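First up is the structure itself, then whatever we jot down about it.
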Amino acid sequence: MIRVGMVSLGCPKNQVDAERMMFKLRDYGFELIQDAALADVAIINTCGFIQSAKQEAIETILEFIELKKEGRIKAVICTGCLAERYRDEILNEIPELDAVVGLGCDGDIARIICEIMSDEGEALHFSDKLCLPLEGERIISTQPFYAYLKIAEGCSNCCTYCAIPSIRGAYRSREMEKILDEARWLANNGVTELVVVAQDTTRYGEDIYGESRLPQLLSELCRIDGFKWIRTLYLYPERITDELIDVYANEPKLVKYMDIPIQHCNGEILKRMNRSGDRESLTALIKKIRDRIPGITLRTTLITGFPGETDEQFEELSEFVNEIKFERLGCFAYSQEEGTAAAEFENQIPEDERERRSELLTEQQMFINDELNNTMIGKSVEVVVEGFDRYAECCFGRSAADAPEIDGKIFFTSDRKLTAGDYINVRIEDVLDCDLLGTAE
């Protein structure tokens, strides 16, 4: 029996693709190995979004090529966004790869491996992006109590800094009933925290129903027995409607957590990013959300050093962050990606200056986090248990205000034995860096 292992890099959407491939491989008869370094065939499911992600993907591929040279594994396959974006360039640079598989051929992964192990077939495998499987069973690779639910593929927003539309294609919503069927399957298999994802979840349904159907979809998901927390990522600010805010306010299962990637607050910068809004409209939206959903946790992402960003515009962004005080914030230096409109813009800012600005905002946010975390001391919060830290000799988990693999942790002691996936109340007693410390009640 051929043993296959997979390393999936990048975003949760890519991880769902990997989970569908793993099911196909197991269903075909391959033995799946958790540690890809111990497999006969290693699949590196890559991200190709920005330079740092591409670098991580290439380094991972090279690590497994070394294992192949040492005779410890027999074949290495590259799948995912890097494969789709660079195609034969990858094989030219890393000829030791046995196959480069585009997104449209994910469904053929079992056949491709059979050909490789029989010394047959081609090294390049590509077809139309529309052939990427959006349905079908999966093998959940997260902890058993939570899973991602991908409701759409691709993106049609065409932000000038982003290569996703050229990599993944135009936005394609899944039919609502098929999404709900998959959600029911997840709930029946022990998933209690559902994380809804797409490149832009607020755009869901526009292409097949003529309007956004995210509010209706979330309401239907909340009616499924078994889910305790339902979380939605990647809500674009211009599509957050009063109807969607009402759903958040009124559905108990929908955690009071919004991930709104605004990227900047300056109107001129946003226009050149092909994004809408400005500081005034964003401030008004955030005020409305906080007024109508008390206790909401707001997460955002920002880009510093976009071409032409002046010192004054960066200072405006810094003032905005300090004024709004987002509960969660990620900041990234602009990555000049070939094939994007912004890569050809004039007034490209030197990389070290982009990084400097990102570090300044990150440091500023750390002070805000400290301020917000200190207000949690003495409060009791519900936590989902993720595991036990044997070095710290305590349990750890997340509150509803923390998305898996993105936000912080809560470390706590407990007198009783706990299992990953348990939901308990923890009294917060202290703060360590960006994490909270407490005791199970």
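Residues are referred to by chain and number: the chain letter is A, B, ... according to the order shown in the structure tokens, the number counts from 1 in that chain, and ligands are numbered separately from 1 in the order shown.
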Within 10 Å of region 293-302 of chain A, counting only C-alpha atoms, which residues show up once you throw out same-chain ones fewer than 5 positions away? Write them as a compact mmCIF listing (two decimals) with N, CA and C atoms, in the first residue's frame, please.
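Once written, selection.txt looks like this:
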```txt
# COMPACT_ATOMS: atom_id res chain seq x y z
N LEU A 233 -15.55 34.52 8.74
CA LEU A 233 -14.34 35.30 8.46
C LEU A 233 -14.47 36.04 7.13
N TYR A 234 -13.71 37.13 7.00
CA TYR A 234 -13.55 37.87 5.75
C TYR A 234 -14.85 38.55 5.30
N LEU A 235 -15.34 39.45 6.15
CA LEU A 235 -16.52 40.26 5.82
C LEU A 235 -16.05 41.60 5.27
N ILE A 245 -26.12 42.70 10.08
CA ILE A 245 -25.90 43.12 11.47
C ILE A 245 -27.02 42.58 12.36
N ASP A 246 -28.25 42.62 11.88
CA ASP A 246 -29.37 42.09 12.66
C ASP A 246 -29.21 40.60 12.94
N VAL A 247 -28.74 39.85 11.96
CA VAL A 247 -28.53 38.41 12.16
C VAL A 247 -27.50 38.19 13.26
N TYR A 248 -26.41 38.96 13.22
CA TYR A 248 -25.39 38.85 14.26
C TYR A 248 -25.96 39.19 15.63
N ALA A 249 -26.79 40.19 15.67
CA ALA A 249 -27.34 40.64 16.95
C ALA A 249 -28.33 39.66 17.54
N ASN A 250 -29.03 38.91 16.67
CA ASN A 250 -30.16 38.11 17.14
C ASN A 250 -29.92 36.60 17.20
N VAL A 255 -21.23 33.74 16.87
CA VAL A 255 -20.39 34.41 17.87
C VAL A 255 -20.24 35.88 17.51
N LYS A 256 -20.14 36.71 18.53
CA LYS A 256 -20.05 38.15 18.34
C LYS A 256 -18.61 38.51 18.00
N TYR A 257 -18.26 38.16 16.76
CA TYR A 257 -16.89 38.31 16.25
C TYR A 257 -16.99 38.58 14.76
N MET A 258 -16.48 39.73 14.32
CA MET A 258 -16.46 40.05 12.90
C MET A 258 -15.03 40.29 12.44
N ASP A 259 -14.65 39.59 11.39
CA ASP A 259 -13.34 39.79 10.75
C ASP A 259 -13.58 40.64 9.52
N ILE A 260 -13.16 41.92 9.59
CA ILE A 260 -13.44 42.89 8.53
C ILE A 260 -12.11 43.42 7.99
N PRO A 261 -11.59 42.86 6.91
CA PRO A 261 -10.29 43.32 6.37
C PRO A 261 -10.43 44.66 5.65
N ILE A 262 -10.09 45.75 6.32
CA ILE A 262 -10.28 47.07 5.70
C ILE A 262 -9.05 47.51 4.89
N GLN A 263 -7.86 47.02 5.23
CA GLN A 263 -6.59 47.28 4.56
C GLN A 263 -6.04 48.69 4.77
N HIS A 264 -6.89 49.70 4.84
CA HIS A 264 -6.43 51.07 5.09
C HIS A 264 -7.65 51.90 5.44
N CYS A 265 -7.44 53.15 5.84
CA CYS A 265 -8.57 54.04 6.12
C CYS A 265 -8.57 55.28 5.24
N ILE A 286 -18.26 51.05 11.89
CA ILE A 286 -17.81 50.41 13.13
C ILE A 286 -18.66 50.87 14.31
N LYS A 287 -19.00 52.14 14.33
CA LYS A 287 -19.87 52.65 15.40
C LYS A 287 -21.24 51.96 15.35
N LYS A 288 -21.78 51.82 14.15
CA LYS A 288 -23.07 51.16 14.01
C LYS A 288 -23.00 49.71 14.51
N LEU A 317 -3.55 56.55 9.21
CA LEU A 317 -3.88 55.16 9.53
C LEU A 317 -3.54 54.85 10.98
N VAL A 321 -6.24 53.68 13.89
CA VAL A 321 -6.09 52.47 14.72
C VAL A 321 -6.19 52.82 16.19
N ILE A 324 -10.01 53.77 16.89
CA ILE A 324 -10.99 52.68 16.82
C ILE A 324 -10.73 51.63 17.88
N LYS A 325 -9.45 51.31 18.11
CA LYS A 325 -9.07 50.27 19.07
C LYS A 325 -9.73 48.92 18.72
N PHE A 326 -9.33 48.40 17.57
CA PHE A 326 -9.78 47.07 17.18
C PHE A 326 -9.33 46.06 18.24
N GLU A 327 -10.21 45.12 18.54
CA GLU A 327 -9.86 44.09 19.52
C GLU A 327 -8.80 43.13 18.97
N ARG A 328 -8.80 42.93 17.67
CA ARG A 328 -7.81 42.05 17.02
C ARG A 328 -7.35 42.74 15.74
N LEU A 329 -6.06 42.68 15.46
CA LEU A 329 -5.54 43.37 14.28
C LEU A 329 -4.28 42.68 13.77
N GLY A 330 -4.22 42.47 12.46
CA GLY A 330 -3.01 41.98 11.81
C GLY A 330 -2.53 43.01 10.82
N CYS A 331 -1.23 43.25 10.78
CA CYS A 331 -0.68 44.27 9.91
C CYS A 331 0.41 43.65 9.03
N PHE A 332 0.36 43.93 7.74
CA PHE A 332 1.29 43.35 6.79
C PHE A 332 1.91 44.44 5.92
N ALA A 333 3.19 44.30 5.68
CA ALA A 333 3.85 45.20 4.74
C ALA A 333 3.40 44.83 3.34
N TYR A 334 3.17 45.83 2.51
CA TYR A 334 2.75 45.61 1.13
C TYR A 334 3.74 44.71 0.41
N SER A 358 4.91 48.73 9.15
CA SER A 358 4.15 47.60 9.67
C SER A 358 4.52 47.31 11.12
N LEU A 361 2.91 49.94 13.50
CA LEU A 361 1.50 49.69 13.77
C LEU A 361 1.30 48.46 14.65
N THR A 362 2.12 47.44 14.41
CA THR A 362 2.01 46.23 15.23
C THR A 362 2.34 46.53 16.68
N ALA A 400 -14.88 32.83 22.52
CA ALA A 400 -15.59 33.15 21.28
C ALA A 400 -14.96 34.33 20.57
N ALA A 401 -14.16 35.12 21.28
CA ALA A 401 -13.51 36.29 20.70
C ALA A 401 -12.20 35.96 19.99
N ASP A 402 -11.88 34.67 19.89
CA ASP A 402 -10.62 34.25 19.29
C ASP A 402 -10.85 33.18 18.23
N ALA A 403 -10.47 33.49 17.00
CA ALA A 403 -10.60 32.53 15.92
C ALA A 403 -9.45 31.53 15.98
N ASP A 407 -5.97 34.05 16.39
CA ASP A 407 -5.93 34.94 17.55
C ASP A 407 -5.23 34.27 18.73
```
Original post:
Got a sec to tell me which of region 324-427 of chain A DSSP assigns to helix (DSSP H, G or I), as a PyMOL selection string?
Top reply: chain A and resi 324+341-344+351-374
Taking C-alpha atoms for each residue, export the selection above as a PDB file, in the first residue's frame.
```pdb
ATOM      1  CA  ILE A 324     -10.990  52.683  16.819  1.00  0.00           C
ATOM      2  CA  ALA A 341      -2.005  46.302 -11.168  1.00  0.00           C
ATOM      3  CA  ALA A 342      -0.337  47.808  -8.098  1.00  0.00           C
ATOM      4  CA  ALA A 343       2.988  46.206  -8.982  1.00  0.00           C
ATOM      5  CA  GLU A 344       3.189  48.634 -11.915  1.00  0.00           C
ATOM      6  CA  GLU A 351      10.734  47.348   1.321  1.00  0.00           C
ATOM      7  CA  ASP A 352      12.513  48.354   4.532  1.00  0.00           C
ATOM      8  CA  GLU A 353      10.172  51.345   4.900  1.00  0.00           C
ATOM      9  CA  ARG A 354       7.099  49.173   4.306  1.00  0.00           C
ATOM     10  CA  GLU A 355       8.331  46.825   7.014  1.00  0.00           C
ATOM     11  CA  ARG A 356       9.145  49.695   9.385  1.00  0.00           C
ATOM     12  CA  ARG A 357       5.617  51.050   9.110  1.00  0.00           C
ATOM     13  CA  SER A 358       4.145  47.596   9.675  1.00  0.00           C
ATOM     14  CA  GLU A 359       6.271  47.136  12.798  1.00  0.00           C
ATOM     15  CA  LEU A 360       5.189  50.524  14.144  1.00  0.00           C
ATOM     16  CA  LEU A 361       1.500  49.692  13.774  1.00  0.00           C
ATOM     17  CA  THR A 362       2.013  46.230  15.232  1.00  0.00           C
ATOM     18  CA  GLU A 363       3.739  47.716  18.265  1.00  0.00           C
ATOM     19  CA  GLN A 364       0.965  50.293  18.607  1.00  0.00           C
ATOM     20  CA  GLN A 365      -1.641  47.526  18.530  1.00  0.00           C
ATOM     21  CA  MET A 366       0.211  45.621  21.263  1.00  0.00           C
ATOM     22  CA  PHE A 367      -0.377  48.536  23.641  1.00  0.00           C
ATOM     23  CA  ILE A 368      -4.056  48.541  22.675  1.00  0.00           C
ATOM     24  CA  ASN A 369      -4.221  44.777  23.261  1.00  0.00           C
ATOM     25  CA  ASP A 370      -2.655  45.203  26.705  1.00  0.00           C
ATOM     26  CA  GLU A 371      -5.206  47.856  27.558  1.00  0.00           C
ATOM     27  CA  LEU A 372      -8.134  45.704  26.384  1.00  0.00           C
ATOM     28  CA  ASN A 373      -6.813  42.518  27.989  1.00  0.00           C
ATOM     29  CA  ASN A 374      -6.431  44.202  31.367  1.00  0.00           C
TER      30      ASN A 374
END
```
**OP:** Check region 213-403 of chain A with DSSP on the backbone and list each residue it calls strand (DSSP E or B), as an MDAnalysis selection string.
**Re:** chainID A and resid 229:232 254:259 263 297:304 328:333 380:389 394:399
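Candidate residues A:Ile65, A:Ala83, A:Ile94, A:Ile140 were compared for distance to Pro12 (chain A), and the nearest is A:Ile140, using only C-alpha atoms.
Residues lying within 9 Å of Ser141 (chain A), counting only C-alpha atoms and ignoring same-chain neighbours fewer than 6 positions away, are Gln15, Val16, Ala18, Glu19 and Ala147 of chain A.
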